[in-house]
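For reference, my_file-v7.pdb is printed below; it contains PDB, C-alpha atoms and all ligand atoms.
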ATOM      1  CA  MET U   1      24.632 -62.829 -60.215  1.00  0.00           C
ATOM      2  CA  TYR U   2      21.054 -63.538 -61.171  1.00  0.00           C
ATOM      3  CA  CYS U   3      18.126 -64.919 -59.302  1.00  0.00           C
ATOM      4  CA  GLY U   4      15.811 -66.585 -61.781  1.00  0.00           C
ATOM      5  CA  CYS U   5      12.169 -67.177 -61.014  1.00  0.00           C
ATOM      6  CA  PHE U   6      10.876 -69.653 -63.540  1.00  0.00           C
ATOM      7  CA  CYS U   7       7.373 -70.987 -63.664  1.00  0.00           C
ATOM      8  CA  PHE U   8       6.813 -74.182 -65.610  1.00  0.00           C
ATOM      9  CA  PRO U   9       3.117 -74.819 -66.213  1.00  0.00           C
ATOM     10  CA  LYS U  10       2.789 -78.612 -66.245  1.00  0.00           C
ATOM     11  CA  GLN U  11       0.658 -78.858 -69.396  1.00  0.00           C
ATOM     12  CA  ARG U  12       2.942 -76.534 -71.354  1.00  0.00           C
ATOM     13  CA  PRO U  13       6.357 -77.679 -70.174  1.00  0.00           C
ATOM     14  CA  PHE U  14       8.268 -75.874 -72.881  1.00  0.00           C
ATOM     15  CA  ILE U  15       6.676 -72.507 -72.195  1.00  0.00           C
ATOM     16  CA  SER U  16       8.226 -70.800 -69.221  1.00  0.00           C
ATOM     17  CA  THR U  17       8.095 -67.349 -67.784  1.00  0.00           C
ATOM     18  CA  ALA U  18      11.144 -65.836 -66.212  1.00  0.00           C
ATOM     19  CA  THR U  19      11.606 -62.849 -64.001  1.00  0.00           C
ATOM     20  CA  LEU U  20      15.268 -62.156 -63.535  1.00  0.00           C
ATOM     21  CA  THR U  21      16.692 -59.846 -60.971  1.00  0.00           C
ATOM     22  CA  GLU U  22      20.320 -58.912 -60.649  1.00  0.00           C
ATOM     23  CA  PHE U  23      21.270 -58.911 -56.991  1.00  0.00           C
ATOM     24  CA  GLU U  24      24.101 -59.184 -54.554  1.00  0.00           C
ATOM     25  CA  LEU U  25      24.481 -62.432 -52.651  1.00  0.00           C
ATOM     26  CA  GLU U  26      24.255 -61.448 -49.018  1.00  0.00           C
ATOM     27  CA  THR U  27      26.018 -64.174 -47.156  1.00  0.00           C
ATOM     28  CA  GLU U  28      29.056 -66.356 -47.348  1.00  0.00           C
ATOM     29  CA  ARG U  29      26.875 -69.469 -47.648  1.00  0.00           C
ATOM     30  CA  GLU U  30      25.003 -68.084 -50.670  1.00  0.00           C
ATOM     31  CA  ARG U  31      28.264 -67.180 -52.363  1.00  0.00           C
ATOM     32  CA  GLU U  32      29.596 -70.649 -51.609  1.00  0.00           C
ATOM     33  CA  MET U  33      26.504 -72.450 -52.947  1.00  0.00           C
ATOM     34  CA  THR U  34      26.741 -70.667 -56.268  1.00  0.00           C
ATOM     35  CA  SER U  35      30.483 -70.778 -56.777  1.00  0.00           C
ATOM     36  CA  SER U  36      32.184 -73.228 -59.090  1.00  0.00           C
ATOM     37  CA  THR U  37      33.727 -74.860 -56.023  1.00  0.00           C
ATOM     38  CA  ALA U  38      30.371 -75.423 -54.310  1.00  0.00           C
ATOM     39  CA  THR U  39      30.684 -77.953 -51.554  1.00  0.00           C
ATOM     40  CA  HIS U  40      29.046 -81.368 -51.917  1.00  0.00           C
ATOM     41  CA  ALA U  41      27.735 -80.907 -48.380  1.00  0.00           C
ATOM     42  CA  TYR U  42      24.707 -78.958 -49.599  1.00  0.00           C
ATOM     43  CA  GLY U  43      23.341 -82.204 -51.022  1.00  0.00           C
ATOM     44  CA  GLU U  44      23.720 -84.087 -47.723  1.00  0.00           C
ATOM     45  CA  PRO U  45      20.948 -84.237 -45.077  1.00  0.00           C
ATOM     46  CA  SER U  46      23.526 -84.402 -42.256  1.00  0.00           C
ATOM     47  CA  TYR U  47      24.918 -81.039 -43.334  1.00  0.00           C
ATOM     48  CA  TRP U  48      21.490 -79.408 -43.031  1.00  0.00           C
ATOM     49  CA  ASP U  49      20.729 -81.019 -39.647  1.00  0.00           C
ATOM     50  CA  GLN U  50      23.987 -79.689 -38.276  1.00  0.00           C
ATOM     51  CA  ARG U  51      23.479 -76.237 -39.758  1.00  0.00           C
ATOM     52  CA  TYR U  52      19.947 -75.901 -38.397  1.00  0.00           C
ATOM     53  CA  SER U  53      21.080 -77.107 -34.955  1.00  0.00           C
ATOM     54  CA  GLU U  54      23.765 -74.432 -34.863  1.00  0.00           C
ATOM     55  CA  ASP U  55      21.746 -71.668 -36.521  1.00  0.00           C
ATOM     56  CA  PRO U  56      17.988 -71.841 -35.911  1.00  0.00           C
ATOM     57  CA  GLY U  57      17.300 -68.802 -38.100  1.00  0.00           C
ATOM     58  CA  PRO U  58      15.023 -67.627 -39.569  1.00  0.00           C
ATOM     59  CA  PHE U  59      16.930 -67.281 -42.819  1.00  0.00           C
ATOM     60  CA  ASP U  60      15.731 -66.876 -46.407  1.00  0.00           C
ATOM     61  CA  TRP U  61      17.926 -67.849 -49.302  1.00  0.00           C
ATOM     62  CA  TYR U  62      18.179 -65.533 -52.324  1.00  0.00           C
ATOM     63  CA  GLN U  63      14.952 -63.551 -52.104  1.00  0.00           C
ATOM     64  CA  LYS U  64      12.254 -62.845 -49.563  1.00  0.00           C
ATOM     65  CA  TYR U  65       8.507 -63.216 -49.915  1.00  0.00           C
ATOM     66  CA  LYS U  66       7.907 -59.521 -50.693  1.00  0.00           C
ATOM     67  CA  THR U  67       9.955 -59.725 -53.901  1.00  0.00           C
ATOM     68  CA  LEU U  68       8.332 -62.978 -55.033  1.00  0.00           C
ATOM     69  CA  ALA U  69       4.707 -62.158 -54.162  1.00  0.00           C
ATOM     70  CA  PRO U  70       3.896 -60.508 -57.529  1.00  0.00           C
ATOM     71  CA  LEU U  71       5.044 -63.681 -59.351  1.00  0.00           C
ATOM     72  CA  PHE U  72       2.976 -65.884 -57.048  1.00  0.00           C
ATOM     73  CA  ASP U  73      -0.062 -63.689 -57.746  1.00  0.00           C
ATOM     74  CA  VAL U  74       0.189 -64.576 -61.439  1.00  0.00           C
ATOM     75  CA  TYR U  75       0.294 -68.354 -60.961  1.00  0.00           C
ATOM     76  CA  ILE U  76      -1.429 -69.244 -57.703  1.00  0.00           C
ATOM     77  CA  ARG U  77      -4.746 -68.529 -56.017  1.00  0.00           C
ATOM     78  CA  ARG U  78      -5.383 -68.072 -52.303  1.00  0.00           C
ATOM     79  CA  SER U  79      -7.415 -71.319 -52.240  1.00  0.00           C
ATOM     80  CA  HIS U  80      -4.759 -73.442 -53.971  1.00  0.00           C
ATOM     81  CA  HIS U  81      -3.121 -76.484 -52.387  1.00  0.00           C
ATOM     82  CA  LEU U  82       0.561 -75.422 -52.269  1.00  0.00           C
ATOM     83  CA  LEU U  83       3.743 -77.355 -51.553  1.00  0.00           C
ATOM     84  CA  VAL U  84       7.012 -75.668 -50.541  1.00  0.00           C
ATOM     85  CA  VAL U  85       9.879 -78.135 -51.047  1.00  0.00           C
ATOM     86  CA  GLY U  86      13.044 -77.833 -48.921  1.00  0.00           C
ATOM     87  CA  CYS U  87      11.451 -75.107 -46.783  1.00  0.00           C
ATOM     88  CA  GLY U  88      14.286 -74.804 -44.256  1.00  0.00           C
ATOM     89  CA  ASN U  89      13.632 -72.083 -41.663  1.00  0.00           C
ATOM     90  CA  SER U  90      12.538 -69.601 -44.314  1.00  0.00           C
ATOM     91  CA  THR U  91       9.619 -67.294 -43.504  1.00  0.00           C
ATOM     92  CA  LEU U  92       8.072 -67.950 -46.930  1.00  0.00           C
ATOM     93  CA  GLY U  93       5.351 -70.317 -45.635  1.00  0.00           C
ATOM     94  CA  GLU U  94       4.197 -68.038 -42.827  1.00  0.00           C
ATOM     95  CA  GLU U  95       4.197 -65.011 -45.123  1.00  0.00           C
ATOM     96  CA  LEU U  96       2.102 -66.862 -47.706  1.00  0.00           C
ATOM     97  CA  VAL U  97      -0.418 -67.588 -44.946  1.00  0.00           C
ATOM     98  CA  SER U  98      -0.298 -63.998 -43.625  1.00  0.00           C
ATOM     99  CA  ASP U  99      -1.032 -62.875 -47.178  1.00  0.00           C
ATOM    100  CA  GLY U 100      -4.186 -65.001 -47.344  1.00  0.00           C
ATOM    101  CA  TYR U 101      -3.069 -68.364 -48.769  1.00  0.00           C
ATOM    102  CA  LEU U 102      -5.104 -71.028 -47.020  1.00  0.00           C
ATOM    103  CA  ASP U 103      -3.302 -74.322 -47.546  1.00  0.00           C
ATOM    104  CA  VAL U 104       0.501 -74.415 -47.467  1.00  0.00           C
ATOM    105  CA  VAL U 105       2.355 -77.695 -46.945  1.00  0.00           C
ATOM    106  CA  ASN U 106       6.124 -77.474 -46.335  1.00  0.00           C
ATOM    107  CA  ILE U 107       8.568 -80.364 -46.506  1.00  0.00           C
ATOM    108  CA  ASP U 108      12.258 -80.662 -45.679  1.00  0.00           C
ATOM    109  CA  ILE U 109      14.682 -83.547 -45.269  1.00  0.00           C
ATOM    110  CA  SER U 110      16.058 -82.132 -42.009  1.00  0.00           C
ATOM    111  CA  SER U 111      14.166 -83.386 -38.951  1.00  0.00           C
ATOM    112  CA  VAL U 112      15.854 -80.634 -36.907  1.00  0.00           C
ATOM    113  CA  VAL U 113      14.309 -77.822 -38.916  1.00  0.00           C
ATOM    114  CA  VAL U 114      10.944 -79.554 -39.413  1.00  0.00           C
ATOM    115  CA  GLU U 115      10.489 -80.099 -35.661  1.00  0.00           C
ATOM    116  CA  ALA U 116      11.454 -76.473 -34.958  1.00  0.00           C
ATOM    117  CA  MET U 117       9.040 -75.142 -37.597  1.00  0.00           C
ATOM    118  CA  GLN U 118       6.202 -77.411 -36.402  1.00  0.00           C
ATOM    119  CA  LYS U 119       6.654 -76.006 -32.903  1.00  0.00           C
ATOM    120  CA  LYS U 120       6.932 -72.408 -34.069  1.00  0.00           C
ATOM    121  CA  HIS U 121       3.742 -72.591 -36.159  1.00  0.00           C
ATOM    122  CA  GLU U 122       1.607 -75.037 -34.183  1.00  0.00           C
ATOM    123  CA  ASP U 123      -1.115 -72.367 -33.894  1.00  0.00           C
ATOM    124  CA  LYS U 124      -1.539 -72.027 -37.698  1.00  0.00           C
ATOM    125  CA  PRO U 125      -3.797 -74.693 -39.227  1.00  0.00           C
ATOM    126  CA  GLU U 126      -3.132 -73.368 -42.743  1.00  0.00           C
ATOM    127  CA  LEU U 127       0.578 -74.214 -42.409  1.00  0.00           C
ATOM    128  CA  LYS U 128       1.922 -77.768 -42.195  1.00  0.00           C
ATOM    129  CA  TYR U 129       5.527 -78.971 -41.838  1.00  0.00           C
ATOM    130  CA  ILE U 130       6.425 -82.558 -42.713  1.00  0.00           C
ATOM    131  CA  LYS U 131       9.797 -84.299 -42.775  1.00  0.00           C
ATOM    132  CA  MET U 132      10.082 -85.732 -46.278  1.00  0.00           C
ATOM    133  CA  ASP U 133      12.673 -86.304 -48.979  1.00  0.00           C
ATOM    134  CA  VAL U 134      11.729 -84.426 -52.145  1.00  0.00           C
ATOM    135  CA  ARG U 135      13.054 -87.396 -54.149  1.00  0.00           C
ATOM    136  CA  ASP U 136      10.392 -89.663 -52.647  1.00  0.00           C
ATOM    137  CA  MET U 137       7.090 -87.953 -51.959  1.00  0.00           C
ATOM    138  CA  SER U 138       5.085 -91.186 -52.111  1.00  0.00           C
ATOM    139  CA  ALA U 139       3.085 -90.034 -49.071  1.00  0.00           C
ATOM    140  CA  PHE U 140       1.421 -87.521 -51.438  1.00  0.00           C
ATOM    141  CA  GLU U 141      -1.076 -88.642 -54.049  1.00  0.00           C
ATOM    142  CA  SER U 142      -0.419 -88.030 -57.735  1.00  0.00           C
ATOM    143  CA  SER U 143      -1.978 -84.855 -59.188  1.00  0.00           C
ATOM    144  CA  SER U 144      -2.730 -83.430 -55.749  1.00  0.00           C
ATOM    145  CA  PHE U 145      -1.022 -79.992 -55.644  1.00  0.00           C
ATOM    146  CA  ASP U 146      -1.799 -76.828 -57.619  1.00  0.00           C
ATOM    147  CA  ALA U 147       1.753 -75.522 -57.308  1.00  0.00           C
ATOM    148  CA  VAL U 148       5.173 -76.503 -56.031  1.00  0.00           C
ATOM    149  CA  ILE U 149       7.465 -73.703 -54.833  1.00  0.00           C
ATOM    150  CA  ASP U 150      11.193 -74.431 -54.801  1.00  0.00           C
ATOM    151  CA  LYS U 151      13.594 -71.776 -53.528  1.00  0.00           C
ATOM    152  CA  GLY U 152      17.119 -73.129 -53.444  1.00  0.00           C
ATOM    153  CA  THR U 153      16.340 -76.856 -53.144  1.00  0.00           C
ATOM    154  CA  LEU U 154      17.069 -77.988 -56.699  1.00  0.00           C
ATOM    155  CA  ASP U 155      20.239 -75.869 -56.381  1.00  0.00           C
ATOM    156  CA  SER U 156      21.154 -77.737 -53.224  1.00  0.00           C
ATOM    157  CA  LEU U 157      20.709 -81.185 -54.819  1.00  0.00           C
ATOM    158  CA  MET U 158      22.784 -80.009 -57.773  1.00  0.00           C
ATOM    159  CA  CYS U 159      25.696 -79.407 -55.391  1.00  0.00           C
ATOM    160  CA  GLY U 160      25.654 -82.937 -53.978  1.00  0.00           C
ATOM    161  CA  GLN U 161      27.007 -86.280 -55.059  1.00  0.00           C
ATOM    162  CA  ASN U 162      24.931 -88.097 -57.720  1.00  0.00           C
ATOM    163  CA  ALA U 163      23.423 -84.767 -58.700  1.00  0.00           C
ATOM    164  CA  HIS U 164      22.021 -86.003 -62.004  1.00  0.00           C
ATOM    165  CA  HIS U 165      20.250 -88.974 -60.411  1.00  0.00           C
ATOM    166  CA  ASN U 166      18.943 -86.955 -57.448  1.00  0.00           C
ATOM    167  CA  THR U 167      17.652 -84.004 -59.457  1.00  0.00           C
ATOM    168  CA  SER U 168      15.965 -86.367 -61.948  1.00  0.00           C
ATOM    169  CA  LYS U 169      14.182 -88.177 -59.103  1.00  0.00           C
ATOM    170  CA  MET U 170      13.141 -84.857 -57.605  1.00  0.00           C
ATOM    171  CA  LEU U 171      11.746 -83.489 -60.869  1.00  0.00           C
ATOM    172  CA  GLU U 172       9.918 -86.761 -61.585  1.00  0.00           C
ATOM    173  CA  GLU U 173       8.231 -86.519 -58.195  1.00  0.00           C
ATOM    174  CA  VAL U 174       7.371 -82.830 -58.638  1.00  0.00           C
ATOM    175  CA  GLY U 175       5.758 -83.685 -61.989  1.00  0.00           C
ATOM    176  CA  ARG U 176       3.824 -86.584 -60.471  1.00  0.00           C
ATOM    177  CA  ILE U 177       2.254 -84.671 -57.573  1.00  0.00           C
ATOM    178  CA  LEU U 178       1.288 -81.610 -59.628  1.00  0.00           C
ATOM    179  CA  LYS U 179      -2.216 -81.366 -61.062  1.00  0.00           C
ATOM    180  CA  ASP U 180      -2.421 -81.171 -64.852  1.00  0.00           C
ATOM    181  CA  ASN U 181      -2.729 -77.395 -64.788  1.00  0.00           C
ATOM    182  CA  GLY U 182      -0.315 -77.046 -61.857  1.00  0.00           C
ATOM    183  CA  ALA U 183       2.839 -74.934 -61.804  1.00  0.00           C
ATOM    184  CA  TYR U 184       6.398 -75.524 -60.644  1.00  0.00           C
ATOM    185  CA  ILE U 185       7.797 -72.204 -59.434  1.00  0.00           C
ATOM    186  CA  LEU U 186      11.564 -72.456 -59.269  1.00  0.00           C
ATOM    187  CA  VAL U 187      13.703 -69.761 -57.666  1.00  0.00           C
ATOM    188  CA  PHE U 188      17.360 -70.457 -58.262  1.00  0.00           C
ATOM    189  CA  VAL U 189      20.680 -68.736 -58.651  1.00  0.00           C
ATOM    190  CA  THR U 190      23.200 -68.897 -61.401  1.00  0.00           C
ATOM    191  CA  SER U 191      26.169 -66.811 -62.339  1.00  0.00           C
ATOM    192  CA  GLY U 192      26.220 -68.316 -65.807  1.00  0.00           C
ATOM    193  CA  PHE U 193      22.736 -67.496 -67.054  1.00  0.00           C
ATOM    194  CA  SER U 194      22.760 -65.517 -70.264  1.00  0.00           C
ATOM    195  CA  GLY U 195      19.026 -64.802 -70.649  1.00  0.00           C
TER     196      GLY U 195
HETATM  197  C1  LIG U 201      19.371 -73.700 -49.868  1.00  0.00           C
HETATM  198  S1  LIG U 201      18.301 -74.268 -48.609  1.00  0.00           S
HETATM  199  C2  LIG U 201      16.798 -73.370 -49.005  1.00  0.00           C
HETATM  200  C3  LIG U 201      15.887 -73.209 -47.807  1.00  0.00           C
HETATM  201  C4  LIG U 201      14.628 -72.374 -48.068  1.00  0.00           C
HETATM  202  N1  LIG U 201      13.853 -72.911 -49.180  1.00  0.00           N
HETATM  203  C5  LIG U 201      14.948 -70.923 -48.336  1.00  0.00           C
HETATM  204  O1  LIG U 201      14.617 -70.419 -49.411  1.00  0.00           O
HETATM  205  O2  LIG U 201      15.489 -70.260 -47.467  1.00  0.00           O
HETATM  206  C6  LIG U 201      17.931 -75.926 -49.208  1.00  0.00           C
HETATM  207  C7  LIG U 201      16.959 -76.694 -48.320  1.00  0.00           C
HETATM  208  O3  LIG U 201      16.666 -77.942 -48.976  1.00  0.00           O
HETATM  209  C8  LIG U 201      16.613 -78.956 -47.985  1.00  0.00           C
HETATM  210  N2  LIG U 201      16.884 -80.234 -48.667  1.00  0.00           N
HETATM  211  C9  LIG U 201      18.062 -80.691 -49.165  1.00  0.00           C
HETATM  212  N3  LIG U 201      17.915 -81.889 -49.724  1.00  0.00           N
HETATM  213  C10 LIG U 201      16.602 -82.210 -49.606  1.00  0.00           C
HETATM  214  C11 LIG U 201      15.821 -83.335 -49.970  1.00  0.00           C
HETATM  215  N4  LIG U 201      16.370 -84.388 -50.614  1.00  0.00           N
HETATM  216  N5  LIG U 201      14.501 -83.339 -49.677  1.00  0.00           N
HETATM  217  C12 LIG U 201      13.934 -82.287 -49.012  1.00  0.00           C
HETATM  218  N6  LIG U 201      14.627 -81.188 -48.619  1.00  0.00           N
HETATM  219  C13 LIG U 201      15.933 -81.155 -48.911  1.00  0.00           C
HETATM  220  C14 LIG U 201      17.656 -78.566 -46.968  1.00  0.00           C
HETATM  221  O4  LIG U 201      17.456 -79.171 -45.704  1.00  0.00           O
HETATM  222  C15 LIG U 201      17.483 -77.039 -46.952  1.00  0.00           C
HETATM  223  O5  LIG U 201      16.543 -76.654 -45.968  1.00  0.00           O
END
As a first step, turn the structure in this file into structure tokens.
Amino acid sequence: MYCGCFCFPKQRPFISTATLTEFELETEREREMTSSTATHAYGEPSYWDQRYSEDPGPFDWYQKYKTLAPLFDVYIRRSHHLLVVGCGNSTLGEELVSDGYLDVVNIDISSVVVEAMQKKHEDKPELKYIKMDVRDMSAFESSSFDAVIDKGTLDSLMCGQNAHHNTSKMLEEVGRILKDNGAYILVFVTSGFSG
């Protein structure tokens, strides 16, 4: 099983950098998400609301901040305007801020997790949590973010119904809100990657 960390600089979309790490999937849900029989539920907001009600976390899919920090150092600066899409109850946002990043916006489609994270981090002005669908980020202006960080969210849309339509909408929106020299940092899992 591989965790791929790809960075797609917006102005050079065909040049990507990959850091691949072989690792063991730790939990039943990670194994399920990446299996060929992955449940459609991962693409449904109601699934995530229920899961976050039952299991408030924190929980980080695939990799934790410590492993990813060296990659972030290559592509993002402490002063950059960052967007974490499908943040869940991951500690990524708070660890970015603890490490000196000054402006981290997090979005998720689940109101349950967004309300919990807003409450948990209400004392941190550098960290914002907003309920938003990654397929429609019209509340954000075009060319407004230096980087978008996606850990497991494209994967989750790929599991759902209408995956092609939903992932296309998501990627269109990610491209729209990124600045010209912005970067899309995608952390995903595949068992079929041959790179
Ligand atoms: C596999 S989890 C990853 C959570 C977190 N990024 C992590 O690394 O631990 C996928 C997350 O994407 C969110 N999500 C699913 N569909 C979404 C959508 N259309 N817009 C925004 N978030 C979405 C889910 O609520 C869930 O928190």
List all protein, DNA and RNA residues that have any atom at most 7 Å from ligand LIG 201 (chain U), counting only C-alpha atoms and all ligand atoms, and write the list as a VMD selection string.
-> chain U and resid 42 to 45 48 59 to 62 85 to 90 107 to 110 132 to 135 150 to 153 155 to 157
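For the choices U:Asp180, U:Glu95, U:Asp136, U:Glu115, the atom-to-atom distance to Leu68 of chain U is smallest for U:Glu95 when using only C-alpha atoms.
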In Å, with one decimal, what is the gap from atom CA of Leu71 of chain U to atom CA of Lys131 of chain U?
->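 Atom-to-atom, atom CA of Leu71 of chain U and atom CA of Lys131 of chain U are spaced 26.9 Å apart.
When all atoms listed in the file are used to measure the gap to Ser144 of chain U, the shortest distance among U:Pro58, U:Gly100, U:Gly93, U:Gly175 belongs to U:Gly175.
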List as a list in words: which residues have an atom within 8 Å of (-5.1, -73.2, -50.2), counting all atoms listed in the file?
->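 Output of the proximity query reads Arg77, Arg78, Ser79, His80, His81, Leu82, Tyr101, Leu102, Asp103, Val104 and Glu126 of chain U.
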Which distance in Å separates atom CA of Leu178 of chain U and atom CA of Leu92 of chain U, to one decimal?
-> 19.8 Å
Evaluate the PyMOL selection byres (((chain U and resi 174) around 12) and not hetatm) and report residues as a PDB file with C-alpha atoms, keeping the file's coordinate frame:
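Output (out12.pdb):
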ATOM      1  CA  PHE U   8       6.813 -74.182 -65.610  1.00  0.00           C
ATOM      2  CA  PRO U   9       3.117 -74.819 -66.213  1.00  0.00           C
ATOM      3  CA  LYS U  10       2.789 -78.612 -66.245  1.00  0.00           C
ATOM      4  CA  LEU U  82       0.561 -75.422 -52.269  1.00  0.00           C
ATOM      5  CA  LEU U  83       3.743 -77.355 -51.553  1.00  0.00           C
ATOM      6  CA  VAL U  84       7.012 -75.668 -50.541  1.00  0.00           C
ATOM      7  CA  VAL U  85       9.879 -78.135 -51.047  1.00  0.00           C
ATOM      8  CA  ASP U 133      12.673 -86.304 -48.979  1.00  0.00           C
ATOM      9  CA  VAL U 134      11.729 -84.426 -52.145  1.00  0.00           C
ATOM     10  CA  ARG U 135      13.054 -87.396 -54.149  1.00  0.00           C
ATOM     11  CA  ASP U 136      10.392 -89.663 -52.647  1.00  0.00           C
ATOM     12  CA  MET U 137       7.090 -87.953 -51.959  1.00  0.00           C
ATOM     13  CA  SER U 138       5.085 -91.186 -52.111  1.00  0.00           C
ATOM     14  CA  PHE U 140       1.421 -87.521 -51.438  1.00  0.00           C
ATOM     15  CA  GLU U 141      -1.076 -88.642 -54.049  1.00  0.00           C
ATOM     16  CA  SER U 142      -0.419 -88.030 -57.735  1.00  0.00           C
ATOM     17  CA  SER U 143      -1.978 -84.855 -59.188  1.00  0.00           C
ATOM     18  CA  SER U 144      -2.730 -83.430 -55.749  1.00  0.00           C
ATOM     19  CA  PHE U 145      -1.022 -79.992 -55.644  1.00  0.00           C
ATOM     20  CA  ASP U 146      -1.799 -76.828 -57.619  1.00  0.00           C
ATOM     21  CA  ALA U 147       1.753 -75.522 -57.308  1.00  0.00           C
ATOM     22  CA  VAL U 148       5.173 -76.503 -56.031  1.00  0.00           C
ATOM     23  CA  ILE U 149       7.465 -73.703 -54.833  1.00  0.00           C
ATOM     24  CA  ASP U 150      11.193 -74.431 -54.801  1.00  0.00           C
ATOM     25  CA  LEU U 154      17.069 -77.988 -56.699  1.00  0.00           C
ATOM     26  CA  THR U 167      17.652 -84.004 -59.457  1.00  0.00           C
ATOM     27  CA  SER U 168      15.965 -86.367 -61.948  1.00  0.00           C
ATOM     28  CA  LYS U 169      14.182 -88.177 -59.103  1.00  0.00           C
ATOM     29  CA  MET U 170      13.141 -84.857 -57.605  1.00  0.00           C
ATOM     30  CA  LEU U 171      11.746 -83.489 -60.869  1.00  0.00           C
ATOM     31  CA  GLU U 172       9.918 -86.761 -61.585  1.00  0.00           C
ATOM     32  CA  GLU U 173       8.231 -86.519 -58.195  1.00  0.00           C
ATOM     33  CA  GLY U 175       5.758 -83.685 -61.989  1.00  0.00           C
ATOM     34  CA  ARG U 176       3.824 -86.584 -60.471  1.00  0.00           C
ATOM     35  CA  ILE U 177       2.254 -84.671 -57.573  1.00  0.00           C
ATOM     36  CA  LEU U 178       1.288 -81.610 -59.628  1.00  0.00           C
ATOM     37  CA  LYS U 179      -2.216 -81.366 -61.062  1.00  0.00           C
ATOM     38  CA  ASP U 180      -2.421 -81.171 -64.852  1.00  0.00           C
ATOM     39  CA  GLY U 182      -0.315 -77.046 -61.857  1.00  0.00           C
ATOM     40  CA  ALA U 183       2.839 -74.934 -61.804  1.00  0.00           C
ATOM     41  CA  TYR U 184       6.398 -75.524 -60.644  1.00  0.00           C
ATOM     42  CA  ILE U 185       7.797 -72.204 -59.434  1.00  0.00           C
ATOM     43  CA  LEU U 186      11.564 -72.456 -59.269  1.00  0.00           C
TER      44      LEU U 186
END
